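Coordinates as given in data-v8.cif (mmCIF, C-alpha atoms):
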```
data_structure
#
loop_
_atom_site.group_PDB
_atom_site.id
_atom_site.type_symbol
_atom_site.label_atom_id
_atom_site.label_comp_id
_atom_site.auth_asym_id
_atom_site.auth_seq_id
_atom_site.Cartn_x
_atom_site.Cartn_y
_atom_site.Cartn_z
ATOM 1 C CA MET A 1 4.676 -15.921 -13.046
ATOM 2 C CA ILE A 2 7.478 -14.723 -10.794
ATOM 3 C CA SER A 3 9.575 -17.360 -9.078
ATOM 4 C CA LEU A 4 12.120 -16.809 -6.328
ATOM 5 C CA ASN A 5 14.733 -18.379 -8.610
ATOM 6 C CA LEU A 6 13.942 -15.730 -11.235
ATOM 7 C CA ILE A 7 14.250 -12.944 -8.639
ATOM 8 C CA GLN A 8 17.602 -14.351 -7.525
ATOM 9 C CA GLN A 9 18.804 -14.595 -11.145
ATOM 10 C CA CYS A 10 17.732 -10.983 -11.784
ATOM 11 C CA PHE A 11 19.570 -9.896 -8.635
ATOM 12 C CA LEU A 12 22.719 -11.649 -9.838
ATOM 13 C CA LYS A 13 22.482 -10.127 -13.336
ATOM 14 C CA LYS A 14 21.695 -6.638 -12.019
ATOM 15 C CA HIS A 15 24.770 -6.724 -9.821
ATOM 16 C CA HIS A 16 26.886 -8.411 -12.541
ATOM 17 C CA LEU A 17 27.496 -11.477 -10.438
ATOM 18 C CA THR A 18 27.875 -14.998 -11.667
ATOM 19 C CA SER A 19 27.290 -17.951 -9.420
ATOM 20 C CA LEU A 20 31.042 -18.327 -9.027
ATOM 21 C CA SER A 21 31.712 -14.707 -8.017
ATOM 22 C CA PHE A 22 28.540 -14.690 -5.938
ATOM 23 C CA THR A 23 29.870 -17.448 -3.699
ATOM 24 C CA THR A 24 33.371 -16.012 -3.491
ATOM 25 C CA ILE A 25 32.248 -12.464 -2.635
ATOM 26 C CA PHE A 26 29.592 -13.299 -0.072
ATOM 27 C CA THR A 27 30.394 -15.574 2.852
ATOM 28 C CA THR A 28 26.764 -16.551 3.260
ATOM 29 C CA GLU A 29 24.179 -17.294 0.630
ATOM 30 C CA ILE A 30 21.497 -14.676 0.132
ATOM 31 C CA GLU A 31 18.129 -16.087 1.099
ATOM 32 C CA PHE A 32 15.045 -14.471 -0.360
ATOM 33 C CA ASP A 33 12.218 -14.500 2.161
ATOM 34 C CA TYR A 34 9.031 -15.662 0.467
ATOM 35 C CA ASN A 35 6.784 -13.861 2.981
ATOM 36 C CA THR A 36 8.533 -10.521 2.430
ATOM 37 C CA ILE A 37 8.314 -10.843 -1.345
ATOM 38 C CA SER A 38 4.727 -12.079 -1.106
ATOM 39 C CA SER A 39 3.725 -9.035 0.992
ATOM 40 C CA ARG A 40 5.214 -6.652 -1.554
ATOM 41 C CA ILE A 41 3.592 -8.505 -4.475
ATOM 42 C CA ARG A 42 0.213 -8.358 -2.664
ATOM 43 C CA GLU A 43 0.684 -4.605 -2.130
ATOM 44 C CA LEU A 44 1.497 -4.141 -5.835
ATOM 45 C CA ALA A 45 -1.627 -6.094 -6.808
ATOM 46 C CA PHE A 46 -3.784 -3.793 -4.645
ATOM 47 C CA LEU A 47 -2.138 -0.707 -6.201
ATOM 48 C CA ASN A 48 -2.598 -2.027 -9.750
ATOM 49 C CA PRO A 49 -6.129 -3.463 -9.873
ATOM 50 C CA GLU A 50 -5.925 -4.357 -13.558
ATOM 51 C CA VAL A 51 -3.044 -6.789 -12.970
ATOM 52 C CA THR A 52 -2.882 -10.366 -11.709
ATOM 53 C CA ILE A 53 0.471 -11.357 -10.237
ATOM 54 C CA ALA A 54 1.471 -14.969 -9.603
ATOM 55 C CA LEU A 55 4.322 -15.847 -7.251
ATOM 56 C CA GLU A 56 5.791 -19.302 -6.857
ATOM 57 C CA LYS A 57 8.429 -20.657 -4.513
ATOM 58 C CA GLN A 58 9.840 -23.778 -6.092
ATOM 59 C CA ASP A 59 11.377 -26.593 -4.099
ATOM 60 C CA VAL A 60 12.944 -29.908 -5.030
ATOM 61 C CA ASP A 61 10.190 -31.485 -2.981
ATOM 62 C CA PRO A 62 6.974 -30.743 -4.921
ATOM 63 C CA GLU A 63 5.014 -30.858 -1.651
ATOM 64 C CA LYS A 64 6.920 -27.757 -0.453
ATOM 65 C CA THR A 65 6.238 -25.690 -3.579
ATOM 66 C CA VAL A 66 4.173 -22.614 -2.725
ATOM 67 C CA HIS A 67 2.053 -20.789 -5.310
ATOM 68 C CA ASN A 68 -0.059 -17.661 -4.777
ATOM 69 C CA GLU A 69 -1.943 -15.424 -7.190
ATOM 70 C CA TYR A 70 -2.790 -11.846 -6.302
ATOM 71 C CA SER A 71 -5.558 -9.932 -8.056
ATOM 72 C CA TYR A 72 -7.649 -7.211 -6.451
ATOM 73 C CA ALA A 73 -10.111 -5.624 -8.862
ATOM 74 C CA GLY A 74 -11.251 -3.255 -6.094
ATOM 75 C CA GLY A 75 -7.805 -1.622 -5.901
ATOM 76 C CA LEU A 76 -7.244 0.725 -2.970
ATOM 77 C CA ILE A 77 -10.804 0.321 -1.693
ATOM 78 C CA GLU A 78 -10.170 -3.394 -1.343
ATOM 79 C CA TYR A 79 -6.745 -2.656 0.225
ATOM 80 C CA VAL A 80 -8.281 -0.444 2.933
ATOM 81 C CA LYS A 81 -10.916 -3.121 3.661
ATOM 82 C CA TRP A 82 -8.165 -5.732 3.906
ATOM 83 C CA LEU A 83 -6.042 -3.565 6.232
ATOM 84 C CA ASN A 84 -9.053 -2.848 8.462
ATOM 85 C CA THR A 85 -10.313 -6.431 8.785
ATOM 86 C CA ASP A 86 -9.616 -6.488 12.539
ATOM 87 C CA LYS A 87 -10.999 -2.977 13.187
ATOM 88 C CA LYS A 88 -14.469 -1.520 13.756
ATOM 89 C CA PRO A 89 -15.209 0.724 10.766
ATOM 90 C CA LEU A 90 -17.695 3.565 11.161
ATOM 91 C CA HIS A 91 -18.703 3.425 7.469
ATOM 92 C CA GLU A 92 -17.913 1.756 4.164
ATOM 93 C CA VAL A 93 -14.615 2.624 2.501
ATOM 94 C CA VAL A 94 -14.813 5.871 0.528
ATOM 95 C CA GLY A 95 -12.638 5.999 -2.549
ATOM 96 C CA PHE A 96 -12.175 7.567 -5.927
ATOM 97 C CA ARG A 97 -9.789 7.612 -8.858
ATOM 98 C CA LYS A 98 -9.108 10.583 -11.114
ATOM 99 C CA GLU A 99 -6.793 11.006 -14.089
ATOM 100 C CA VAL A 100 -5.824 14.367 -15.550
ATOM 101 C CA GLU A 101 -3.199 14.891 -18.255
ATOM 102 C CA GLY A 102 -1.678 11.440 -17.778
ATOM 103 C CA ILE A 103 -1.391 11.732 -13.985
ATOM 104 C CA SER A 104 -3.728 9.585 -11.935
ATOM 105 C CA ILE A 105 -4.565 9.793 -8.285
ATOM 106 C CA ASP A 106 -6.296 7.045 -6.366
ATOM 107 C CA ILE A 107 -7.585 7.643 -2.827
ATOM 108 C CA ALA A 108 -9.433 5.427 -0.366
ATOM 109 C CA LEU A 109 -10.234 6.164 3.281
ATOM 110 C CA GLN A 110 -12.183 4.809 6.215
ATOM 111 C CA TRP A 111 -12.629 5.928 9.797
ATOM 112 C CA CYS A 112 -12.636 3.245 12.501
ATOM 113 C CA SER A 113 -13.920 3.638 16.053
ATOM 114 C CA ASP A 114 -11.174 1.523 17.621
ATOM 115 C CA SER A 115 -8.239 3.298 16.002
ATOM 116 C CA TYR A 116 -6.292 5.790 18.102
ATOM 117 C CA SER A 117 -3.837 7.042 15.520
ATOM 118 C CA ASP A 118 -3.944 7.731 11.828
ATOM 119 C CA THR A 119 -2.539 5.420 9.244
ATOM 120 C CA LEU A 120 -1.733 7.344 6.112
ATOM 121 C CA LEU A 121 0.029 5.309 3.480
ATOM 122 C CA GLY A 122 1.256 7.114 0.406
ATOM 123 C CA TYR A 123 2.619 5.731 -2.838
ATOM 124 C CA ALA A 124 4.180 7.379 -5.868
ATOM 125 C CA ASN A 125 4.397 5.160 -8.955
ATOM 126 C CA SER A 126 3.652 2.102 -6.760
ATOM 127 C CA ILE A 127 6.562 2.852 -4.418
ATOM 128 C CA ARG A 128 5.700 3.509 -0.782
ATOM 129 C CA THR A 129 6.633 7.027 0.332
ATOM 130 C CA VAL A 130 7.354 6.324 3.993
ATOM 131 C CA ASP A 131 8.300 9.942 4.728
ATOM 132 C CA GLY A 132 5.000 11.291 3.398
ATOM 133 C CA GLY A 133 5.174 13.900 0.679
ATOM 134 C CA THR A 134 3.129 16.669 -0.847
ATOM 135 C CA HIS A 135 0.486 14.171 -1.993
ATOM 136 C CA ILE A 136 -0.107 13.130 1.646
ATOM 137 C CA ASP A 137 0.013 16.730 2.954
ATOM 138 C CA GLY A 138 -2.489 17.792 0.302
ATOM 139 C CA VAL A 139 -4.933 15.020 1.170
ATOM 140 C CA LYS A 140 -4.705 15.812 4.907
ATOM 141 C CA ALA A 141 -5.272 19.534 4.316
ATOM 142 C CA SER A 142 -8.177 19.077 1.894
ATOM 143 C CA LEU A 143 -9.834 16.453 4.116
ATOM 144 C CA THR A 144 -9.612 18.754 7.151
ATOM 145 C CA ARG A 145 -10.902 21.767 5.162
ATOM 146 C CA THR A 146 -13.782 19.757 3.648
ATOM 147 C CA LEU A 147 -14.928 18.345 6.998
ATOM 148 C CA ASN A 148 -14.775 21.799 8.617
ATOM 149 C CA ASN A 149 -16.862 23.261 5.768
ATOM 150 C CA LEU A 150 -19.394 20.418 6.019
ATOM 151 C CA ALA A 151 -19.624 20.791 9.800
ATOM 152 C CA LYS A 152 -20.262 24.543 9.460
ATOM 153 C CA LYS A 153 -22.826 24.113 6.656
ATOM 154 C CA SER A 154 -24.737 21.515 8.658
ATOM 155 C CA LYS A 155 -24.402 23.711 11.783
ATOM 156 C CA VAL A 156 -22.580 21.016 13.780
ATOM 157 C CA ILE A 157 -19.913 23.671 14.334
ATOM 158 C CA LYS A 158 -20.901 27.331 14.573
ATOM 159 C CA GLU A 159 -19.067 29.871 12.387
ATOM 160 C CA LYS A 160 -17.359 31.410 15.427
ATOM 161 C CA ASP A 161 -16.426 28.080 17.054
ATOM 162 C CA ILE A 162 -12.953 26.668 16.882
ATOM 163 C CA THR A 163 -12.553 24.472 13.813
ATOM 164 C CA LEU A 164 -11.343 20.896 13.795
ATOM 165 C CA SER A 165 -7.599 20.503 13.445
ATOM 166 C CA GLY A 166 -5.894 17.983 11.214
ATOM 167 C CA GLU A 167 -5.087 15.904 14.307
ATOM 168 C CA HIS A 168 -8.808 15.561 15.110
ATOM 169 C CA VAL A 169 -9.809 14.750 11.559
ATOM 170 C CA ASN A 170 -7.009 12.270 10.866
ATOM 171 C CA SER A 171 -6.925 10.509 14.234
ATOM 172 C CA LEU A 172 -9.277 7.682 13.248
ATOM 173 C CA VAL A 173 -8.655 7.374 9.555
ATOM 174 C CA LEU A 174 -6.774 4.989 7.321
ATOM 175 C CA VAL A 175 -6.009 6.706 4.022
ATOM 176 C CA GLN A 176 -4.329 5.275 0.963
ATOM 177 C CA VAL A 177 -3.055 7.689 -1.640
ATOM 178 C CA HIS A 178 -1.570 6.348 -4.870
ATOM 179 C CA TYR A 179 -0.224 8.797 -7.410
ATOM 180 C CA CYS A 180 1.207 7.826 -10.787
ATOM 181 C CA ASP A 181 2.739 9.927 -13.495
#
```
Mind turning the file's structure into structure tokens?
Amino acid sequence: MISLNLIQQCFLKKHHLTSLSFTTIFTTEIEFDYNTISSRIRELAFLNPEVTIALEKQDVDPEKTVHNEYSYAGGLIEYVKWLNTDKKPLHEVVGFRKEVEGISIDIALQWCSDSYSDTLLGYANSIRTVDGGTHIDGVKASLTRTLNNLAKKSKVIKEKDITLSGEHVNSLVLVQVHYCD
């Protein structure tokens, strides 16, 4: 179980601070926001479906103690469902996981009819890659290529017609890509 006190102690040790130096260096006490930490712990639990993470905020008043456990056996598929709870999905979440030579990739996606922009979230070793990366670019390119090929094979788009661009393909999709080495 992870407690906010433990996180604060780890912060102090990592930065070689004792309680005495901590109070003399900083003019204000560092407050750890439970909601921020809880959001990150939830995200980690989605990205690591085999793990259960417990988080507790202890208080002198036992009534104010907060305890949450996060465990999502469905992994990214469950994460996409959770992120799209207030949206109108066009289909069930599509997802897969593949591991080759010690490197695993986990992908889940879902198109929603009431979404006007793409949401592509990428992670490398459970750390969010906010600036994208080759793993995101690769998924976008292969998704666009695959949908164009399917549309041509099923004759939805004629061979000579203009193909769908990445903007068209990705405009309604929420994609999660998690890569670990």
Picked residues, the PyMOL selection byres ((chain A and resi 105) around 12), expected as a PDB file with C-alpha atoms, in the frame of the given file:
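So the final result, stored in result_27.pdb, reads:
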```pdb
ATOM      1  CA  LEU A  47      -2.138  -0.707  -6.201  1.00  0.00           C
ATOM      2  CA  LEU A  76      -7.244   0.725  -2.970  1.00  0.00           C
ATOM      3  CA  GLY A  95     -12.638   5.999  -2.549  1.00  0.00           C
ATOM      4  CA  PHE A  96     -12.175   7.567  -5.927  1.00  0.00           C
ATOM      5  CA  ARG A  97      -9.789   7.612  -8.858  1.00  0.00           C
ATOM      6  CA  LYS A  98      -9.108  10.583 -11.114  1.00  0.00           C
ATOM      7  CA  GLU A  99      -6.793  11.006 -14.089  1.00  0.00           C
ATOM      8  CA  VAL A 100      -5.824  14.367 -15.550  1.00  0.00           C
ATOM      9  CA  GLU A 101      -3.199  14.891 -18.255  1.00  0.00           C
ATOM     10  CA  GLY A 102      -1.678  11.440 -17.778  1.00  0.00           C
ATOM     11  CA  ILE A 103      -1.391  11.732 -13.985  1.00  0.00           C
ATOM     12  CA  SER A 104      -3.728   9.585 -11.935  1.00  0.00           C
ATOM     13  CA  ASP A 106      -6.296   7.045  -6.366  1.00  0.00           C
ATOM     14  CA  ILE A 107      -7.585   7.643  -2.827  1.00  0.00           C
ATOM     15  CA  ALA A 108      -9.433   5.427  -0.366  1.00  0.00           C
ATOM     16  CA  GLY A 122       1.256   7.114   0.406  1.00  0.00           C
ATOM     17  CA  TYR A 123       2.619   5.731  -2.838  1.00  0.00           C
ATOM     18  CA  ALA A 124       4.180   7.379  -5.868  1.00  0.00           C
ATOM     19  CA  ASN A 125       4.397   5.160  -8.955  1.00  0.00           C
ATOM     20  CA  SER A 126       3.652   2.102  -6.760  1.00  0.00           C
ATOM     21  CA  HIS A 135       0.486  14.171  -1.993  1.00  0.00           C
ATOM     22  CA  ILE A 136      -0.107  13.130   1.646  1.00  0.00           C
ATOM     23  CA  GLY A 138      -2.489  17.792   0.302  1.00  0.00           C
ATOM     24  CA  VAL A 139      -4.933  15.020   1.170  1.00  0.00           C
ATOM     25  CA  GLN A 176      -4.329   5.275   0.963  1.00  0.00           C
ATOM     26  CA  VAL A 177      -3.055   7.689  -1.640  1.00  0.00           C
ATOM     27  CA  HIS A 178      -1.570   6.348  -4.870  1.00  0.00           C
ATOM     28  CA  TYR A 179      -0.224   8.797  -7.410  1.00  0.00           C
ATOM     29  CA  CYS A 180       1.207   7.826 -10.787  1.00  0.00           C
ATOM     30  CA  ASP A 181       2.739   9.927 -13.495  1.00  0.00           C
TER      31      ASP A 181
END
```
Take the PyMOL selection byres ((chain A and resi 48) around 10), run it mentally on this structure, and tell me the resulting residues as JSON, numbers by chain.
{"A": [42, 43, 44, 45, 46, 47, 49, 50, 51, 52, 53, 71, 72, 73, 74, 75, 76, 126, 178]}
Would you pick out the contacts of His67 in chain A at 7 Å or less, using all atoms listed in the file, so that residues sharing its chain but fewer than 6 positions from it are not included, and give the list as a count of residues only?
3
What's the separation between CA of Ser38 in chain A and CA of Leu109 in chain A, in Å to one decimal place?
24.0 Å
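Picture a line from CA of Lys140 in chain A to CA of Leu121 in chain A; it runs 11.6 Å.
In this structure, CA of Thr129 in chain A sits 16.3 Å away from CA of Ser39 in chain A.
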Which neighbours of Thr163 in chain A fall inside 9 Å, counting all atoms listed in the file, when residues of the same chain fewer than 6 positions from it are skipped, and could you give them as an mmCIF file with C-alpha atoms, in the frame of the given file?
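Saved the output as part37.cif:
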```cif
data_model
loop_
_atom_site.group_PDB
_atom_site.id
_atom_site.type_symbol
_atom_site.label_atom_id
_atom_site.label_comp_id
_atom_site.auth_asym_id
_atom_site.auth_seq_id
_atom_site.Cartn_x
_atom_site.Cartn_y
_atom_site.Cartn_z
ATOM 1 C CA ASN A 148 -14.775 21.799 8.617
ATOM 2 C CA ALA A 151 -19.624 20.791 9.800
ATOM 3 C CA LYS A 152 -20.262 24.543 9.460
ATOM 4 C CA ILE A 157 -19.913 23.671 14.334
#
```
Missing atoms in range 119-130 of chain A should be modelled up to all heavy atoms and reported as a compact mmCIF listing (two decimals), in the coordinates of the input.
```txt
# COMPACT_ATOMS: atom_id res chain seq x y z
N THR A 119 -3.41 6.22 10.10
CA THR A 119 -2.54 5.42 9.24
C THR A 119 -2.69 6.00 7.86
O THR A 119 -3.72 5.82 7.22
CB THR A 119 -2.96 3.94 9.25
OG1 THR A 119 -2.96 3.46 10.58
CG2 THR A 119 -2.03 3.10 8.40
N LEU A 120 -1.71 6.75 7.44
CA LEU A 120 -1.73 7.34 6.11
C LEU A 120 -0.60 6.73 5.31
O LEU A 120 0.57 6.92 5.64
CB LEU A 120 -1.57 8.86 6.21
CG LEU A 120 -2.77 9.55 6.83
CD1 LEU A 120 -2.33 10.48 7.91
CD2 LEU A 120 -3.55 10.26 5.78
N LEU A 121 -0.97 5.97 4.32
CA LEU A 121 0.03 5.31 3.48
C LEU A 121 0.02 5.98 2.11
O LEU A 121 -1.03 6.07 1.48
CB LEU A 121 -0.29 3.82 3.33
CG LEU A 121 -0.43 3.03 4.63
CD1 LEU A 121 -0.88 1.61 4.35
CD2 LEU A 121 0.87 3.03 5.40
N GLY A 122 1.16 6.45 1.70
CA GLY A 122 1.26 7.11 0.41
C GLY A 122 2.17 6.35 -0.53
O GLY A 122 3.14 5.72 -0.11
N TYR A 123 1.84 6.40 -1.80
CA TYR A 123 2.62 5.73 -2.84
C TYR A 123 2.79 6.67 -4.02
O TYR A 123 1.87 7.40 -4.36
CB TYR A 123 1.91 4.47 -3.33
CG TYR A 123 1.69 3.44 -2.26
CD1 TYR A 123 0.58 3.50 -1.42
CD2 TYR A 123 2.60 2.40 -2.08
CE1 TYR A 123 0.39 2.56 -0.43
CE2 TYR A 123 2.41 1.46 -1.09
CZ TYR A 123 1.30 1.54 -0.26
OH TYR A 123 1.11 0.61 0.71
N ALA A 124 3.94 6.67 -4.61
CA ALA A 124 4.18 7.38 -5.87
C ALA A 124 4.73 6.35 -6.85
O ALA A 124 5.75 5.72 -6.59
CB ALA A 124 5.18 8.52 -5.67
N ASN A 125 4.01 6.16 -7.95
CA ASN A 125 4.40 5.16 -8.96
C ASN A 125 4.59 3.78 -8.33
O ASN A 125 5.56 3.08 -8.61
CB ASN A 125 5.64 5.60 -9.72
CG ASN A 125 5.41 6.89 -10.47
OD1 ASN A 125 4.32 7.12 -10.98
ND2 ASN A 125 6.41 7.73 -10.54
N SER A 126 3.69 3.40 -7.44
CA SER A 126 3.65 2.10 -6.76
C SER A 126 4.78 1.89 -5.76
O SER A 126 4.99 0.78 -5.28
CB SER A 126 3.64 0.94 -7.76
OG SER A 126 2.47 0.99 -8.53
N ILE A 127 5.51 2.94 -5.42
CA ILE A 127 6.56 2.85 -4.42
C ILE A 127 6.10 3.60 -3.18
O ILE A 127 5.68 4.76 -3.26
CB ILE A 127 7.89 3.45 -4.95
CG1 ILE A 127 8.36 2.66 -6.18
CG2 ILE A 127 8.95 3.46 -3.86
CD1 ILE A 127 9.49 3.32 -6.93
N ARG A 128 6.16 2.92 -2.05
CA ARG A 128 5.70 3.51 -0.78
C ARG A 128 6.57 4.70 -0.41
O ARG A 128 7.78 4.64 -0.44
CB ARG A 128 5.77 2.44 0.32
CG ARG A 128 5.40 2.93 1.67
CD ARG A 128 3.98 2.53 2.02
NE ARG A 128 3.65 3.06 3.32
CZ ARG A 128 3.83 2.43 4.45
NH1 ARG A 128 4.30 1.21 4.46
NH2 ARG A 128 3.50 2.99 5.59
N THR A 129 5.93 5.82 -0.09
CA THR A 129 6.63 7.03 0.33
C THR A 129 6.52 7.11 1.85
O THR A 129 5.62 7.75 2.38
CB THR A 129 6.04 8.28 -0.33
OG1 THR A 129 4.63 8.30 -0.10
CG2 THR A 129 6.30 8.29 -1.83
N VAL A 130 7.44 6.45 2.53
CA VAL A 130 7.35 6.32 3.99
C VAL A 130 7.50 7.66 4.72
O VAL A 130 7.02 7.80 5.84
CB VAL A 130 8.40 5.31 4.54
CG1 VAL A 130 8.07 3.91 4.09
CG2 VAL A 130 9.81 5.70 4.13
```
